[in-house]
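Worksheet: the structure to be examined is printed underneath.
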Amino acid sequence: MPRAPYIAANWKMHKTVAEAAEFVDALLPRIAATQSDVVICPAFTALAEVVERRRGTAVKVAAQNMHEEESGAFTGEVSAPMLVELDVEAVVLGHSERRQYFNETDEALSRKVPAALAHDLEPILCVGETATARDAGETEEVLERQLQADLAALEPEQIAGVVVAYEPIWAIGTGRTATPEQAQEACAFVRDVLRARGAAADRVRILYGGSVKPANAAELMAQPDIDGALVGGASLDPDEFARICKLGV
């Protein structure tokens, strides 16, 4: 069965509530005919507004992070039940910026991923290597280490409920993009690692992220193991993001 294209907009720390509302109102008419699964990942403050604006459409909403515990003395954190209460459907976990700037570890992700699934939140798990690791020929070693650790607590059948985003750190916000061949090689390796776990790997959607734009998205998503994109900067403009969504049809 073909995997439906999956296009996610990671706004990072951008857009006020008013700006988010304006974006969604501009985007929806532009993507009315797309067959892609479209996901918007706003800041926590704009989640409720985006959820309301997209009601009655197929657009999903994802948070950019969550804590693994349901409640507790964790100042500044947000739990899965809090997201579910807002009708959020997914959550980005392990983005390289969370790993780099906020010391998010694979150990923490091994708890967050099953916690998300337990609350019917779709995890968008990010993995990827640094420029140093790529130059040293360690891309596959890094990806396998991250995947095995982050998914360690899942049964094979649960892995089919996870979306994996391959984001080479050297291509995030730098203007550099992995070539389609590099991206395909890495995404195929991700699928092989999942298959070795006994997972329904052919059902897992694997995204590419890292300076995705309308100019390069079509060639990237044409690769056999790339099922969509996690879009950063280009997702802040409704016209640019809509053009990428349409390429996934």
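Chain labels follow the order of the structure tokens: the first chain is A, the next B, and so on; residue numbering restarts at 1 in every chain, and ligands are counted from 1 in their shown order.
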
Sorted by chain and rising residue number, which residues of range 160-185 of chain A lie within 8 Å of range 208-225 of chain A, and what are their closest atom pairs and distances in Å to one decimal, counting only C-alpha atoms, as a tab-separated table?
```
residue	atom	partner	partner_atom	distance
A:Ala165	CA	A:Tyr208	CA	5.7
A:Tyr166	CA	A:Tyr208	CA	5.0
A:Glu167	CA	A:Gly209	CA	4.6
A:Pro168	CA	A:Gly210	CA	6.5
A:Ile169	CA	A:Gly210	CA	7.4
A:Ala171	CA	A:Gly210	CA	4.8
A:Ile172	CA	A:Gly210	CA	4.3
A:Gly173	CA	A:Ser211	CA	5.9
A:Thr174	CA	A:Ser211	CA	7.1
A:Gly175	CA	A:Ser211	CA	5.7
A:Arg176	CA	A:Ser211	CA	6.5
A:Thr177	CA	A:Ser211	CA	5.7
A:Ala178	CA	A:Gly210	CA	7.6
A:Thr179	CA	A:Leu220	CA	7.8
A:Pro180	CA	A:Leu220	CA	5.0
A:Ala183	CA	A:Tyr208	CA	6.9
A:Gln184	CA	A:Gln223	CA	6.0
```

Find the residues near Asn65 in chain A: any atom within 10 Å, counting only C-alpha atoms, skip ones fewer than 4 places away on the same chain, and give them as a PyMOL selection string. chain A and resi 41+43-44+77-80+90-95+98+112+123-124

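Of the listed residues A:Glu240, A:Glu122, A:Glu22, A:Asp87, the one whose atoms come nearest to Ala160 in chain A is A:Glu122, with distances taken using only C-alpha atoms.
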
For CA of Asp237 in chain A and CA of Ala116 in chain A, determine how far apart the two atoms are, in Å to one decimal place. 28.7 Å

Name all residues at most 7 Å from range 130-145 of chain A (count only C-alpha atoms; drop same-chain ones fewer than 2 positions away) and give them as number ranges by chain. A: 127-128, 147-149, 168-170, 193

Residues near Asp202 in chain A, cut-off 10 Å, only C-alpha atoms, skip fewer than 2 positions along chain, as a compact mmCIF listing (two decimals) with C-alpha atoms, in the first residue's frame:
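Below you can see around.txt, which holds the result:
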```
# COMPACT_ATOMS: atom_id res chain seq x y z
CA MET A 1 0.00 0.00 0.00
CA PRO A 2 1.49 3.40 -0.99
CA ARG A 3 2.50 5.70 1.86
CA ALA A 160 4.52 1.71 12.53
CA ARG A 191 14.08 1.98 6.99
CA ASP A 192 16.58 -0.90 7.10
CA LEU A 194 13.47 -0.34 11.48
CA ARG A 195 13.06 -3.48 9.40
CA ALA A 199 8.87 -3.38 12.50
CA ALA A 200 6.40 -2.87 9.67
CA VAL A 204 6.62 3.98 8.41
CA ARG A 205 6.74 7.38 6.81
CA ILE A 206 10.24 8.83 6.67
CA ASP A 225 12.25 6.08 0.76
```

Name the residues in contact with Arg54 in chain A at a cut-off of 10 Å, using only C-alpha atoms, excluding same-chain residues fewer than 5 positions from it; report them as a VMD selection string. chain A and resid 21 24 to 25 27 to 28 40 49 59 to 61

I need the residues from that last selection saved to file as a short mmCIF file (atom, residue, chain, number, x, y, z; two decimals), in the first residue's frame (with N, CA, C and O atoms), if you can.
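Final output, saved to again_14.cif:
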```
data_model
loop_
_atom_site.label_atom_id
_atom_site.label_comp_id
_atom_site.auth_asym_id
_atom_site.auth_seq_id
_atom_site.Cartn_x
_atom_site.Cartn_y
_atom_site.Cartn_z
N ALA A 21 -2.95 32.64 13.22
CA ALA A 21 -4.31 32.65 12.67
C ALA A 21 -4.31 33.15 11.23
O ALA A 21 -4.96 32.57 10.35
N VAL A 24 -2.87 30.37 8.89
CA VAL A 24 -3.78 29.24 8.62
C VAL A 24 -4.90 29.67 7.67
O VAL A 24 -5.25 28.94 6.74
N ASP A 25 -5.44 30.86 7.88
CA ASP A 25 -6.50 31.35 7.00
C ASP A 25 -6.01 31.50 5.56
O ASP A 25 -6.76 31.28 4.61
N LEU A 27 -3.40 29.71 4.29
CA LEU A 27 -2.96 28.41 3.78
C LEU A 27 -4.10 27.53 3.31
O LEU A 27 -4.00 26.89 2.25
N LEU A 28 -5.16 27.45 4.09
CA LEU A 28 -6.21 26.45 3.83
C LEU A 28 -6.75 26.49 2.40
O LEU A 28 -6.88 25.43 1.77
N ILE A 40 0.81 21.15 10.92
CA ILE A 40 1.38 22.43 11.34
C ILE A 40 1.87 22.29 12.78
O ILE A 40 1.14 21.80 13.65
N GLU A 49 -5.23 28.10 18.93
CA GLU A 49 -5.74 28.91 17.81
C GLU A 49 -5.64 28.15 16.50
O GLU A 49 -6.59 28.15 15.69
N VAL A 59 -6.15 19.01 7.96
CA VAL A 59 -4.86 19.47 8.50
C VAL A 59 -4.73 19.04 9.96
O VAL A 59 -5.65 19.21 10.76
N LYS A 60 -3.56 18.49 10.30
CA LYS A 60 -3.27 18.10 11.67
C LYS A 60 -2.44 19.17 12.36
O LYS A 60 -1.80 20.01 11.70
N VAL A 61 -2.43 19.12 13.68
CA VAL A 61 -1.63 20.05 14.47
C VAL A 61 -0.70 19.23 15.38
O VAL A 61 -1.13 18.26 16.01
#
```

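The protein and nucleic acid residues lying at most 9 Å from Leu109 in chain A are Glu68, Leu93, Gly94, Glu104, Thr105, Asp106, Glu107, Arg111, Lys112, Val113, Pro114, Leu125, Ala149, Asp150 and Leu151 of chain A, with only C-alpha atoms considered and sequence neighbours fewer than 2 positions away removed.
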
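From CA of Arg99 in chain A back to CA of Ala73 in chain A, the distance works out to 21.8 Å.
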
Find the distance between CA of Pro81 in chain A and CA of Thr45 in chain A and write it in Å to one decimal. 16.1 Å

Among range 62-149 of chain A, which residues does DSSP mark as alpha helix (DSSP H) when it is run on the backbone? Keep the chain and numbering as in the structure and answer as an NGL selection string. :A and (80-85 or 96-101 or 106-118 or 131-135 or 139-149)

When distances are computed from only C-alpha atoms, which of A:Val88, A:Met82, A:Cys245, A:Val190 shows the smallest separation from Ala62 in chain A? A:Val88

Have a look at A:Val50, A:Leu247, A:Ala63, A:Ala4 and name the one nearest to Ala18 in chain A; count only C-alpha atoms. A:Val50

Taking only range 13-230 of chain A into account, list the residues labelled strand (DSSP E) by DSSP (computed from the backbone), as a PyMOL selection string. chain A and resi 37-41+60-63+90-93+122-127+163-166+206-209+228-230

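You can rank A:Gln158, A:Arg243, A:Glu97, A:Phe74 by their closest distance to Gly198 in chain A using only C-alpha atoms, and at the top of that list sits A:Gln158.
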